[in-house]
$ cat start10.cif   # mmCIF, C-alpha atoms
data_model
loop_
_atom_site.label_atom_id
_atom_site.label_comp_id
_atom_site.auth_asym_id
_atom_site.auth_seq_id
_atom_site.Cartn_x
_atom_site.Cartn_y
_atom_site.Cartn_z
CA MET Y 1 -1.32 -22.86 -18.95
CA LYS Y 2 2.02 -24.14 -17.72
CA ILE Y 3 4.40 -21.46 -16.46
CA GLU Y 4 7.28 -21.18 -18.89
CA LYS Y 5 9.16 -17.99 -18.04
CA VAL Y 6 9.74 -15.69 -15.07
CA GLU Y 7 11.35 -12.26 -15.61
CA LEU Y 8 12.20 -9.47 -13.17
CA PHE Y 9 12.73 -5.78 -13.89
CA LYS Y 10 14.11 -3.29 -11.38
CA VAL Y 11 12.75 0.05 -12.57
CA PRO Y 12 12.80 3.62 -11.28
CA PRO Y 13 11.86 5.22 -9.05
CA ARG Y 14 12.08 2.30 -6.56
CA TRP Y 15 10.07 -0.61 -7.90
CA LEU Y 16 10.49 -4.22 -8.99
CA PHE Y 17 8.21 -5.62 -11.68
CA LEU Y 18 7.64 -9.30 -12.41
CA LYS Y 19 6.43 -10.88 -15.64
CA ILE Y 20 5.26 -14.49 -15.70
CA THR Y 21 4.60 -16.02 -19.13
CA THR Y 22 2.79 -19.28 -19.83
CA ALA Y 23 3.49 -21.77 -22.60
CA SER Y 24 0.29 -20.57 -24.29
CA GLY Y 25 1.68 -17.02 -24.44
CA ILE Y 26 -0.44 -15.38 -21.75
CA ALA Y 27 1.60 -13.02 -19.58
CA GLY Y 28 0.79 -11.71 -16.12
CA TRP Y 29 2.43 -8.87 -14.22
CA GLY Y 30 3.19 -8.49 -10.53
CA GLU Y 31 5.03 -6.07 -8.26
CA PRO Y 32 7.11 -7.88 -5.61
CA VAL Y 33 9.20 -5.32 -3.74
CA VAL Y 34 10.18 -4.01 -0.34
CA GLU Y 35 11.03 -0.34 -0.60
CA GLY Y 36 14.81 -0.08 -0.26
CA LYS Y 37 15.30 -3.87 -0.53
CA ALA Y 38 14.46 -4.51 -4.18
CA ASP Y 39 17.49 -6.72 -4.80
CA THR Y 40 16.72 -8.80 -1.71
CA VAL Y 41 13.16 -9.48 -2.87
CA LYS Y 42 14.42 -10.13 -6.40
CA ALA Y 43 16.67 -12.85 -4.98
CA ALA Y 44 13.72 -14.32 -3.07
CA VAL Y 45 11.60 -14.50 -6.24
CA GLU Y 46 14.47 -16.15 -8.08
CA GLU Y 47 14.75 -18.74 -5.30
CA MET Y 48 11.01 -19.42 -5.62
CA THR Y 49 11.11 -19.70 -9.42
CA PRO Y 50 11.86 -23.49 -9.48
CA PHE Y 51 8.55 -23.98 -7.66
CA LEU Y 52 6.80 -22.13 -10.50
CA LEU Y 53 8.29 -23.36 -13.76
CA GLY Y 54 6.20 -26.09 -15.34
CA LYS Y 55 3.30 -25.57 -12.91
CA ASP Y 56 -0.26 -24.81 -14.00
CA ALA Y 57 -0.68 -21.04 -13.58
CA ARG Y 58 -4.37 -21.53 -12.82
CA GLN Y 59 -3.60 -23.30 -9.53
CA ILE Y 60 -3.14 -20.05 -7.64
CA GLU Y 61 -4.11 -21.25 -4.17
CA ASP Y 62 -1.96 -24.35 -4.37
CA ILE Y 63 1.05 -22.36 -5.61
CA TRP Y 64 0.53 -19.83 -2.80
CA GLN Y 65 0.46 -22.58 -0.19
CA VAL Y 66 3.58 -24.23 -1.61
CA LEU Y 67 5.51 -20.95 -1.62
CA TYR Y 68 4.39 -20.14 1.93
CA ARG Y 69 4.43 -23.55 3.60
CA GLY Y 70 7.12 -25.15 1.46
CA GLY Y 71 9.80 -23.34 3.41
CA PHE Y 72 10.46 -24.05 7.08
CA TYR Y 73 10.93 -20.31 7.71
CA ARG Y 74 8.07 -18.18 6.50
CA GLY Y 75 6.43 -14.78 6.75
CA GLY Y 76 8.07 -11.39 7.08
CA PRO Y 77 8.46 -8.59 4.56
CA VAL Y 78 10.88 -10.21 2.10
CA LEU Y 79 9.31 -13.64 1.65
CA MET Y 80 5.73 -12.33 1.71
CA SER Y 81 6.55 -9.56 -0.78
CA ALA Y 82 8.04 -12.13 -3.14
CA ILE Y 83 4.89 -14.25 -2.84
CA SER Y 84 2.76 -11.12 -3.30
CA GLY Y 85 4.17 -10.26 -6.71
CA ILE Y 86 3.94 -13.84 -7.92
CA ASP Y 87 0.34 -14.04 -6.72
CA GLN Y 88 -0.59 -10.80 -8.51
CA ALA Y 89 0.88 -12.08 -11.76
CA LEU Y 90 -0.98 -15.40 -11.51
CA TRP Y 91 -4.32 -13.64 -10.95
CA ASP Y 92 -3.52 -11.39 -13.92
CA ILE Y 93 -2.95 -14.48 -16.07
CA LYS Y 94 -6.12 -16.18 -14.90
CA GLY Y 95 -8.26 -13.12 -15.51
CA LYS Y 96 -6.80 -12.67 -18.98
CA ALA Y 97 -7.30 -16.35 -19.82
CA LEU Y 98 -10.98 -16.15 -18.83
CA GLY Y 99 -11.52 -12.67 -20.22
CA VAL Y 100 -12.69 -11.07 -16.96
CA PRO Y 101 -11.31 -8.70 -14.30
CA VAL Y 102 -9.93 -10.38 -11.19
CA TYR Y 103 -12.74 -9.04 -9.00
CA GLU Y 104 -15.18 -11.15 -11.06
CA LEU Y 105 -13.22 -14.26 -10.08
CA LEU Y 106 -13.42 -13.22 -6.41
CA GLY Y 107 -17.22 -13.06 -6.52
CA GLY Y 108 -17.94 -9.89 -8.45
CA ALA Y 109 -17.96 -6.17 -7.76
CA VAL Y 110 -19.77 -4.59 -4.79
CA ARG Y 111 -19.36 -0.99 -6.01
CA ASP Y 112 -19.13 1.03 -9.21
CA LYS Y 113 -16.38 3.42 -8.15
CA MET Y 114 -13.72 3.57 -5.44
CA LYS Y 115 -12.79 6.53 -3.28
CA ILE Y 116 -9.10 7.40 -3.52
CA TYR Y 117 -6.66 9.73 -1.78
CA GLY Y 118 -3.36 11.35 -2.67
CA TRP Y 119 -0.21 12.17 -0.71
CA ILE Y 120 0.92 15.69 0.08
CA GLY Y 121 3.93 17.21 1.82
CA GLY Y 122 6.81 14.76 1.57
CA ASP Y 123 8.68 13.09 4.41
CA LYS Y 124 8.94 16.35 6.35
CA PRO Y 125 5.69 18.22 5.74
CA ALA Y 126 6.30 21.38 3.70
CA GLN Y 127 4.27 23.43 1.25
CA VAL Y 128 1.28 21.35 2.24
CA VAL Y 129 -1.33 24.04 1.63
CA GLU Y 130 -0.31 24.44 -2.01
CA ALA Y 131 -0.07 20.67 -2.47
CA ALA Y 132 -3.48 20.06 -0.91
CA SER Y 133 -5.08 22.71 -3.11
CA GLN Y 134 -3.50 21.10 -6.17
CA ARG Y 135 -4.74 17.65 -5.21
CA VAL Y 136 -8.28 18.95 -4.87
CA ALA Y 137 -7.95 20.68 -8.24
CA ASN Y 138 -6.85 17.32 -9.69
CA GLY Y 139 -10.04 15.63 -8.53
CA PHE Y 140 -9.08 14.22 -5.14
CA HIS Y 141 -11.56 14.59 -2.30
CA ALA Y 142 -9.12 13.24 0.30
CA VAL Y 143 -5.44 13.71 1.06
CA LYS Y 144 -2.91 12.25 3.48
CA MET Y 145 0.23 13.76 4.96
CA ASN Y 146 2.97 12.88 7.39
CA ALA Y 147 2.27 14.30 10.82
CA CYS Y 148 5.77 15.53 11.59
CA ALA Y 149 9.48 15.17 10.89
CA GLU Y 150 11.83 13.63 13.47
CA MET Y 151 10.23 13.03 16.86
CA GLU Y 152 12.29 12.03 19.86
CA TRP Y 153 11.06 9.32 22.23
CA ILE Y 154 9.89 12.09 24.55
CA ASP Y 155 9.89 15.43 22.80
CA SER Y 156 8.77 19.00 23.46
CA PRO Y 157 5.17 20.23 23.44
CA GLN Y 158 6.37 22.97 21.09
CA LYS Y 159 7.22 20.42 18.41
CA VAL Y 160 3.72 18.98 18.69
CA ASP Y 161 2.18 22.46 18.53
CA ASP Y 162 4.19 23.31 15.42
CA ALA Y 163 3.09 20.08 13.71
CA VAL Y 164 -0.56 20.65 14.61
CA LYS Y 165 -0.44 24.15 13.07
CA ILE Y 166 0.78 22.70 9.77
CA ILE Y 167 -1.94 20.04 9.76
CA ARG Y 168 -4.56 22.65 10.66
CA SER Y 169 -3.47 24.75 7.67
CA VAL Y 170 -4.41 21.85 5.39
CA ARG Y 171 -7.76 21.37 7.09
CA ASP Y 172 -8.46 25.08 6.68
CA VAL Y 173 -7.78 25.03 2.95
CA ILE Y 174 -9.64 21.81 2.04
CA GLY Y 175 -12.53 22.24 4.45
CA TYR Y 176 -14.41 19.61 6.39
CA ASP Y 177 -16.15 18.11 3.37
CA LYS Y 178 -12.82 16.57 2.29
CA GLY Y 179 -10.92 13.75 3.99
CA LEU Y 180 -7.64 14.44 5.79
CA GLY Y 181 -5.54 11.49 6.89
CA VAL Y 182 -2.49 12.00 9.10
CA ASP Y 183 0.32 9.45 9.13
CA PHE Y 184 2.45 9.28 12.28
CA HIS Y 185 4.59 6.82 10.25
CA GLY Y 186 5.63 4.96 13.37
CA ARG Y 187 8.01 7.82 14.16
CA VAL Y 188 6.00 8.91 17.21
CA HIS Y 189 6.41 6.86 20.38
CA LYS Y 190 3.67 6.13 22.89
CA GLY Y 191 4.62 8.88 25.33
CA MET Y 192 4.24 11.57 22.65
CA ALA Y 193 1.42 9.94 20.69
CA LYS Y 194 -1.02 10.57 23.54
CA LEU Y 195 -0.43 14.33 23.50
CA PHE Y 196 -0.25 14.52 19.70
CA MET Y 197 -3.51 12.63 19.16
CA ARG Y 198 -5.37 14.69 21.73
CA GLU Y 199 -4.17 17.97 20.21
CA LEU Y 200 -5.29 16.88 16.72
CA ASP Y 201 -8.74 15.68 17.70
CA TYR Y 202 -10.61 18.90 16.94
CA LEU Y 203 -9.55 18.67 13.28
CA LYS Y 204 -11.85 15.64 12.75
CA LEU Y 205 -9.34 13.55 10.84
CA MET Y 206 -10.25 10.83 8.36
CA PHE Y 207 -7.83 8.59 10.27
CA ILE Y 208 -4.59 8.60 12.23
CA GLU Y 209 -2.18 6.10 10.69
CA GLU Y 210 0.46 4.17 12.61
CA PRO Y 211 0.21 6.28 15.79
CA VAL Y 212 2.91 3.93 17.07
CA LEU Y 213 4.84 1.16 15.38
CA SER Y 214 2.73 -1.89 14.62
CA GLU Y 215 5.05 -4.12 16.64
CA ASN Y 216 3.80 -2.24 19.71
CA LEU Y 217 0.29 -3.63 19.35
CA GLU Y 218 -0.30 -3.58 23.09
CA ALA Y 219 -0.14 0.24 22.99
CA PHE Y 220 -3.05 0.69 20.58
CA ALA Y 221 -5.79 -0.05 23.09
CA GLY Y 222 -4.53 2.61 25.47
CA LEU Y 223 -4.29 5.23 22.72
CA THR Y 224 -7.95 5.06 21.69
CA LYS Y 225 -8.98 7.28 24.63
CA TYR Y 226 -6.97 10.21 23.24
CA THR Y 227 -8.79 10.57 19.92
CA THR Y 228 -12.17 10.23 18.27
CA ALA Y 229 -10.49 9.72 14.88
CA PRO Y 230 -10.38 6.21 13.42
CA ILE Y 231 -7.02 4.53 14.04
CA ALA Y 232 -5.34 2.81 11.10
CA THR Y 233 -2.37 0.47 10.81
CA GLY Y 234 -1.17 -2.60 8.95
CA GLU Y 235 1.28 -1.62 6.23
CA ARG Y 236 4.05 -3.42 8.15
CA MET Y 237 2.01 -6.57 8.74
CA PHE Y 238 2.42 -9.40 6.29
CA SER Y 239 -0.16 -12.15 6.74
CA ARG Y 240 -3.50 -13.03 8.32
CA TRP Y 241 -1.56 -14.38 11.29
CA ASP Y 242 -0.06 -10.94 11.92
CA PHE Y 243 -3.49 -9.31 11.64
CA LYS Y 244 -5.15 -11.91 13.84
CA ARG Y 245 -3.61 -10.46 16.98
CA LEU Y 246 -4.61 -6.96 15.91
CA PHE Y 247 -8.25 -7.95 15.43
CA GLU Y 248 -8.38 -9.78 18.73
CA GLN Y 249 -7.24 -6.63 20.51
CA GLY Y 250 -10.10 -4.63 19.03
CA ALA Y 251 -8.39 -1.22 19.13
CA VAL Y 252 -7.99 -0.46 15.41
CA ASP Y 253 -10.69 0.82 13.05
CA ILE Y 254 -8.97 0.57 9.66
CA ILE Y 255 -6.44 -1.97 8.41
CA GLN Y 256 -3.96 -1.15 5.65
CA PRO Y 257 -2.44 -4.34 4.22
CA ASP Y 258 -0.22 -3.74 1.21
CA LEU Y 259 -0.93 -5.85 -1.88
CA SER Y 260 2.81 -6.05 -2.58
CA HIS Y 261 3.76 -7.04 0.98
CA ALA Y 262 0.89 -8.98 2.56
CA GLY Y 263 0.70 -12.05 0.33
CA GLY Y 264 -0.96 -10.53 -2.73
CA ILE Y 265 -4.59 -10.79 -3.75
CA THR Y 266 -5.01 -14.29 -2.32
CA GLU Y 267 -3.96 -13.32 1.20
CA VAL Y 268 -5.39 -9.80 1.37
CA LYS Y 269 -8.82 -11.13 0.37
CA LYS Y 270 -8.65 -13.40 3.43
CA ILE Y 271 -7.40 -10.58 5.66
CA ALA Y 272 -10.25 -8.36 4.45
CA ALA Y 273 -12.80 -11.05 5.26
CA MET Y 274 -11.36 -11.38 8.77
CA ALA Y 275 -11.57 -7.60 9.18
CA GLU Y 276 -15.23 -7.58 8.15
CA ALA Y 277 -15.99 -10.13 10.86
CA TYR Y 278 -14.46 -7.73 13.43
CA ASP Y 279 -16.28 -4.67 11.99
CA VAL Y 280 -12.97 -3.20 10.79
CA ALA Y 281 -12.64 -1.21 7.56
CA LEU Y 282 -10.10 -1.82 4.80
CA ALA Y 283 -7.91 0.84 3.15
CA PRO Y 284 -5.04 -0.89 1.31
CA HIS Y 285 -1.61 0.69 1.61
CA CYS Y 286 -0.06 1.57 -1.76
CA PRO Y 287 2.84 4.01 -2.15
CA LEU Y 288 4.16 1.79 -4.96
CA GLY Y 289 3.69 1.34 -8.70
CA PRO Y 290 0.85 0.70 -11.14
CA ILE Y 291 0.67 -3.07 -10.74
CA SER Y 292 0.38 -2.89 -6.96
CA LEU Y 293 -2.35 -0.23 -7.26
CA ALA Y 294 -4.20 -2.28 -9.87
CA ALA Y 295 -4.13 -5.32 -7.56
CA ALA Y 296 -5.38 -3.23 -4.64
CA LEU Y 297 -8.30 -1.93 -6.68
CA GLN Y 298 -9.36 -5.48 -7.60
CA ILE Y 299 -9.65 -6.16 -3.86
CA ASP Y 300 -11.40 -2.82 -3.24
CA PHE Y 301 -14.09 -3.51 -5.80
CA ASN Y 302 -14.80 -6.92 -4.32
CA CYS Y 303 -14.68 -6.18 -0.57
CA LEU Y 304 -17.58 -4.36 1.05
CA ASN Y 305 -15.50 -3.01 3.94
CA ALA Y 306 -13.01 -1.26 1.62
CA VAL Y 307 -13.45 2.46 2.32
CA ILE Y 308 -10.66 4.30 0.50
CA GLN Y 309 -7.58 3.53 -1.59
CA GLU Y 310 -4.13 5.10 -1.36
CA SER Y 311 -2.50 6.16 -4.63
CA SER Y 312 1.14 6.95 -5.35
CA ILE Y 313 0.36 9.16 -8.36
CA GLY Y 314 2.66 12.15 -7.92
CA ILE Y 315 3.99 11.00 -4.55
CA HIS Y 316 7.26 12.59 -3.44
CA TYR Y 317 9.21 9.34 -3.85
CA ASN Y 318 8.52 9.19 -7.58
CA GLU Y 319 11.69 10.75 -8.98
CA GLY Y 320 12.78 9.56 -12.40
CA ALA Y 321 9.46 7.93 -13.24
CA ASP Y 322 5.88 8.05 -12.05
CA LEU Y 323 3.13 5.49 -11.81
CA LEU Y 324 1.38 6.37 -15.07
CA ASP Y 325 4.61 6.28 -17.10
CA TYR Y 326 4.53 2.49 -17.31
CA LEU Y 327 0.96 2.20 -18.60
CA LEU Y 328 -0.48 2.06 -22.10
CA ASN Y 329 -3.87 2.85 -20.56
CA PRO Y 330 -3.20 5.49 -17.87
CA GLU Y 331 -6.84 6.54 -18.04
CA VAL Y 332 -7.71 3.47 -15.95
CA PHE Y 333 -6.59 5.48 -12.91
CA ASP Y 334 -8.38 8.73 -13.84
CA ILE Y 335 -9.81 10.44 -10.75
CA LYS Y 336 -13.22 12.04 -11.02
CA GLU Y 337 -14.78 13.78 -8.05
CA GLY Y 338 -12.66 11.77 -5.62
CA TYR Y 339 -13.23 8.35 -7.18
CA VAL Y 340 -11.66 5.98 -9.70
CA SER Y 341 -14.02 3.96 -11.89
CA ARG Y 342 -14.28 0.18 -11.82
CA PRO Y 343 -11.73 -1.35 -14.23
CA GLU Y 344 -13.21 -3.38 -17.06
CA LEU Y 345 -10.16 -4.96 -18.73
CA PRO Y 346 -9.41 -8.61 -17.92
CA GLY Y 347 -6.87 -9.56 -15.27
CA LEU Y 348 -5.56 -6.69 -13.18
CA GLY Y 349 -6.99 -4.19 -15.65
CA VAL Y 350 -3.76 -2.44 -16.63
CA ALA Y 351 -1.84 -2.66 -19.90
CA ILE Y 352 1.87 -2.48 -19.07
CA ASP Y 353 4.14 -0.67 -21.53
CA GLU Y 354 6.68 -3.48 -21.74
CA GLU Y 355 9.01 -1.53 -23.99
CA LYS Y 356 9.18 1.25 -21.38
CA VAL Y 357 9.75 -1.32 -18.63
CA ARG Y 358 12.63 -2.98 -20.47
CA THR Y 359 14.19 0.37 -21.35
CA LEU Y 360 14.05 1.83 -17.83
CA ALA Y 361 15.18 -1.47 -16.30
CA LYS Y 362 18.54 -0.73 -17.91
CA THR Y 363 18.70 2.34 -15.68
CA GLY Y 364 17.31 0.56 -12.64
CA HIS Y 365 17.58 2.21 -9.23
CA ASN Y 366 19.28 1.95 -5.88
CA TRP Y 367 16.63 3.61 -3.74
CA LYS Y 368 17.15 3.58 0.02
CA ASN Y 369 15.10 5.34 2.65
CA PRO Y 370 16.95 8.02 4.61
CA VAL Y 371 18.42 7.39 8.04
CA TRP Y 372 17.37 10.12 10.46
CA ARG Y 373 19.07 11.20 13.66
CA ASN Y 374 17.97 13.31 16.59
CA ALA Y 375 19.80 16.44 17.75
CA ASP Y 376 21.89 14.32 20.11
CA GLY Y 377 23.04 12.04 17.28
CA SER Y 378 20.86 9.03 18.16
CA VAL Y 379 19.04 7.20 15.39
CA THR Y 380 15.34 7.93 15.16
CA GLU Y 381 12.44 6.50 13.15
CA TRP Y 382 12.02 7.69 9.54
#
$ encode --input "start10.cif" --output "structure tokens"
Amino acid sequence: MKIEKVELFKVPPRWLFLKITTASGIAGWGEPVVEGKADTVKAAVEEMTPFLLGKDARQIEDIWQVLYRGGFYRGGPVLMSAISGIDQALWDIKGKALGVPVYELLGGAVRDKMKIYGWIGGDKPAQVVEAASQRVANGFHAVKMNACAEMEWIDSPQKVDDAVKIIRSVRDVIGYDKGLGVDFHGRVHKGMAKLFMRELDYLKLMFIEEPVLSENLEAFAGLTKYTTAPIATGERMFSRWDFKRLFEQGAVDIIQPDLSHAGGITEVKKIAAMAEAYDVALAPHCPLGPISLAAALQIDFNCLNAVIQESSIGIHYNEGADLLDYLLNPEVFDIKEGYVSRPELPGLGVAIDEEKVRTLAKTGHNWKNPVWRNADGSVTEW
């Protein structure tokens, strides 16, 4: 089970895939990427590769600790995303070697199916009613949308009113028996978040995501009085040490670690256990590709406090390729009445179409998120 080969593939629309192969021929797949910084994470994985070659792929915890603690500087999106993809691939190898899904190695499944939601509306919410109706027709019982476009530090009540009307139109079309999550995307600052959250409260949202940027943790406690909706955050947090401060504050109801950013399966399992101790739910962030989603579902099926899973199937970023295009078994992500069934294949449960990966890696991508500016020309949050 010694690691013999490490390969990286930058594939459209904006992903980076990793393949680790052992001397015995077992291959595992991971997805180490920061959206818009794929080459940077690729370089980080390449720098970590000497710590992998020749090592026993079964020693996942030890390898994780070496990659994390073996460098004097640690944490952050780039290094943790590199570790995340490596960790995913090692769990995939171990599950395949033992002939069981990863969740069996974590202690077994706690559920038979997992609730899932889909994105609607793009970066600047538009045509959301049609998109929401289509998602419901496709089997989703929950959707999520961005709350607004650009929002100045202190903006007009009219802009909030206009955004609320768009969100209300989605609630009207899907009804109250379906989940509606609203993502402030960190683009709303504290002064406006109070008004925005209060105005949305009557719509009984599934959650409000990133009402302010996660680096402004001290603001979360004060915002809870303006909404009865659960507050969610965590996609821009990268380890249990980041989440520790969030839990201690006690102001967040749902955490959203990303399996491709927050240390992979090894670390997110620990973060989820910490969340359970603080009575906080888990809803892994995943606007990425099939490997990241597969890893997230392994955690979901093992963790009792997992409540819903994000999916990037058909998300507005997926231009040039979509999540299912890289799978030989796309049915593993079939959505039936709002749920995806428990995967049964060993490892991460997905069969990667390696020929498609190698072909599209020749095309690659250079995806970058847009830079937004306010009316006065100042940079604003995307």
$ residues_around --input "start10.cif" --residues "region 260-267 of chain Y" --least-positions-apart "3" --cutoff "6 Å" --atoms "all atoms listed in the file" --output "ChimeraX atom specification"
/Y:32,80-81,83-84,87-88,238-239,257,270,292
$ resolve_selection --input "start10.cif" --expression "the PyMOL selection byres ((chain Y and resi 106) around 10)" --output "PyMOL selection string"
chain Y and resi 101-105+107-109+265-266+269+298-299+301-303
$ axis_aligned_box --input "start10.cif" --around "region 123-128 of chain Y" --padding-each-side "5 Å" --output "AutoDock Vina command-line options"
--center_x 5.1 --center_y 18.3 --center_z 3.8 --size_x 17.7 --size_y 20.3 --size_z 15.1
$ resolve_selection --input "start10.cif" --expression "the PyMOL selection byres ((chain Y and resi 330-333) around 12)" --output "ChimeraX atom specification"
/Y:113-117,139-140,289-291,293-294,297,309-313,322-329,334-336,338-345,348-353
$ residues_around --input "start10.cif" --residues "Asp56 (chain Y)" --least-positions-apart "4" --cutoff "9 Å" --atoms "all atoms listed in the file" --output "ChimeraX atom specification"
/Y:1-3,22,52,60,63
$ residues_around --input "start10.cif" --residues "Arg236 (chain Y)" --least-positions-apart "6" --cutoff "12 Å" --atoms "only C-alpha atoms" --output "count of residues only"
31
$ residues_near_point --input "start10.cif" --point "(-12.0, 8.5, 15.3)" --cutoff "10 Å" --atoms "all atoms listed in the file" --output "ChimeraX atom specification"
/Y:201,204-208,224-232,252-253
$ closest_residue --input "start10.cif" --among "Y:Gly36, Y:Gly71, Y:Pro287, Y:Gly234" --to "Tyr317 (chain Y)" --atoms "only C-alpha atoms"
Y:Pro287
$ resolve_selection --input "start10.cif" --expression "the PyMOL selection byres ((chain Y and resi 149-160) around 8)" --output "ChimeraX atom specification"
/Y:123-125,146-148,161-164,187-189,191-192,195-196,372-374,380-382
$ atom_distance --input "start10.cif" --atom1 "CA of His365 (chain Y)" --atom2 "CA of Glu31 (chain Y)"
15.1 Å
$ residues_around --input "start10.cif" --residues "Gly250 (chain Y)" --least-positions-apart "2" --cutoff "10 Å" --atoms "all atoms listed in the file" --output "PDB file with C-alpha atoms, in the coordinates of the input"
ATOM      1  CA  PHE Y 220      -3.050   0.690  20.580  1.00  0.00           C
ATOM      2  CA  ALA Y 221      -5.790  -0.050  23.090  1.00  0.00           C
ATOM      3  CA  ARG Y 245      -3.610 -10.460  16.980  1.00  0.00           C
ATOM      4  CA  LEU Y 246      -4.610  -6.960  15.910  1.00  0.00           C
ATOM      5  CA  PHE Y 247      -8.250  -7.950  15.430  1.00  0.00           C
ATOM      6  CA  GLU Y 248      -8.380  -9.780  18.730  1.00  0.00           C
ATOM      7  CA  VAL Y 252      -7.990  -0.460  15.410  1.00  0.00           C
ATOM      8  CA  ASP Y 253     -10.690   0.820  13.050  1.00  0.00           C
ATOM      9  CA  TYR Y 278     -14.460  -7.730  13.430  1.00  0.00           C
ATOM     10  CA  ASP Y 279     -16.280  -4.670  11.990  1.00  0.00           C
ATOM     11  CA  VAL Y 280     -12.970  -3.200  10.790  1.00  0.00           C
TER      12      VAL Y 280
END
$ atom_distance --input "start10.cif" --atom1 "CA of Met197 (chain Y)" --atom2 "CA of Ile167 (chain Y)"
12.1 Å
$ atom_distance --input "start10.cif" --atom1 "CA of Thr363 (chain Y)" --atom2 "CA of Ile20 (chain Y)"
21.5 Å
$ closest_residue --input "start10.cif" --among "Y:Arg168, Y:Lys356, Y:Arg111, Y:Arg198" --to "Ala306 (chain Y)" --atoms "all atoms listed in the file"
Y:Arg111
$ build_atoms --input "start10.cif" --residues "region 276-291 of chain Y" --atoms "N, CA and C atoms" --output "mmCIF file, in the coordinates of the input"
data_model
loop_
_atom_site.group_PDB
_atom_site.id
_atom_site.type_symbol
_atom_site.label_atom_id
_atom_site.label_comp_id
_atom_site.auth_asym_id
_atom_site.auth_seq_id
_atom_site.Cartn_x
_atom_site.Cartn_y
_atom_site.Cartn_z
ATOM 1 N N GLU Y 276 -13.776 -7.775 8.192
ATOM 2 C CA GLU Y 276 -15.230 -7.580 8.150
ATOM 3 C C GLU Y 276 -15.901 -8.240 9.344
ATOM 4 N N ALA Y 277 -15.408 -9.412 9.730
ATOM 5 C CA ALA Y 277 -15.990 -10.130 10.860
ATOM 6 C C ALA Y 277 -15.771 -9.378 12.176
ATOM 7 N N TYR Y 278 -14.743 -8.525 12.231
ATOM 8 C CA TYR Y 278 -14.460 -7.730 13.430
ATOM 9 C C TYR Y 278 -14.937 -6.291 13.281
ATOM 10 N N ASP Y 279 -15.744 -6.004 12.238
ATOM 11 C CA ASP Y 279 -16.280 -4.670 11.990
ATOM 12 C C ASP Y 279 -15.175 -3.642 11.771
ATOM 13 N N VAL Y 280 -14.118 -4.047 11.079
ATOM 14 C CA VAL Y 280 -12.970 -3.200 10.790
ATOM 15 C C VAL Y 280 -12.940 -2.893 9.297
ATOM 16 N N ALA Y 281 -12.679 -1.636 8.956
ATOM 17 C CA ALA Y 281 -12.640 -1.210 7.560
ATOM 18 C C ALA Y 281 -11.291 -1.541 6.925
ATOM 19 N N LEU Y 282 -11.275 -1.497 5.597
ATOM 20 C CA LEU Y 282 -10.100 -1.820 4.800
ATOM 21 C C LEU Y 282 -9.712 -0.616 3.959
ATOM 22 N N ALA Y 283 -8.438 -0.242 3.987
ATOM 23 C CA ALA Y 283 -7.910 0.840 3.150
ATOM 24 C C ALA Y 283 -6.503 0.445 2.719
ATOM 25 N N PRO Y 284 -6.356 -0.341 1.666
ATOM 26 C CA PRO Y 284 -5.040 -0.890 1.310
ATOM 27 C C PRO Y 284 -3.955 0.162 1.154
ATOM 28 N N HIS Y 285 -2.800 -0.143 1.721
ATOM 29 C CA HIS Y 285 -1.610 0.690 1.610
ATOM 30 C C HIS Y 285 -1.052 0.557 0.198
ATOM 31 N N CYS Y 286 -0.635 1.679 -0.415
ATOM 32 C CA CYS Y 286 -0.060 1.570 -1.760
ATOM 33 C C CYS Y 286 0.719 2.817 -2.144
ATOM 34 N N PRO Y 287 1.977 2.931 -1.678
ATOM 35 C CA PRO Y 287 2.840 4.010 -2.150
ATOM 36 C C PRO Y 287 3.732 3.536 -3.296
ATOM 37 N N LEU Y 288 3.325 2.465 -3.974
ATOM 38 C CA LEU Y 288 4.160 1.790 -4.960
ATOM 39 C C LEU Y 288 3.682 2.070 -6.384
ATOM 40 N N GLY Y 289 3.913 1.122 -7.285
ATOM 41 C CA GLY Y 289 3.690 1.340 -8.700
ATOM 42 C C GLY Y 289 2.330 0.923 -9.205
ATOM 43 N N PRO Y 290 2.168 0.919 -10.532
ATOM 44 C CA PRO Y 290 0.850 0.700 -11.140
ATOM 45 C C PRO Y 290 0.290 -0.700 -10.960
ATOM 46 N N ILE Y 291 1.153 -1.696 -10.880
ATOM 47 C CA ILE Y 291 0.670 -3.070 -10.740
ATOM 48 C C ILE Y 291 0.124 -3.282 -9.336
#
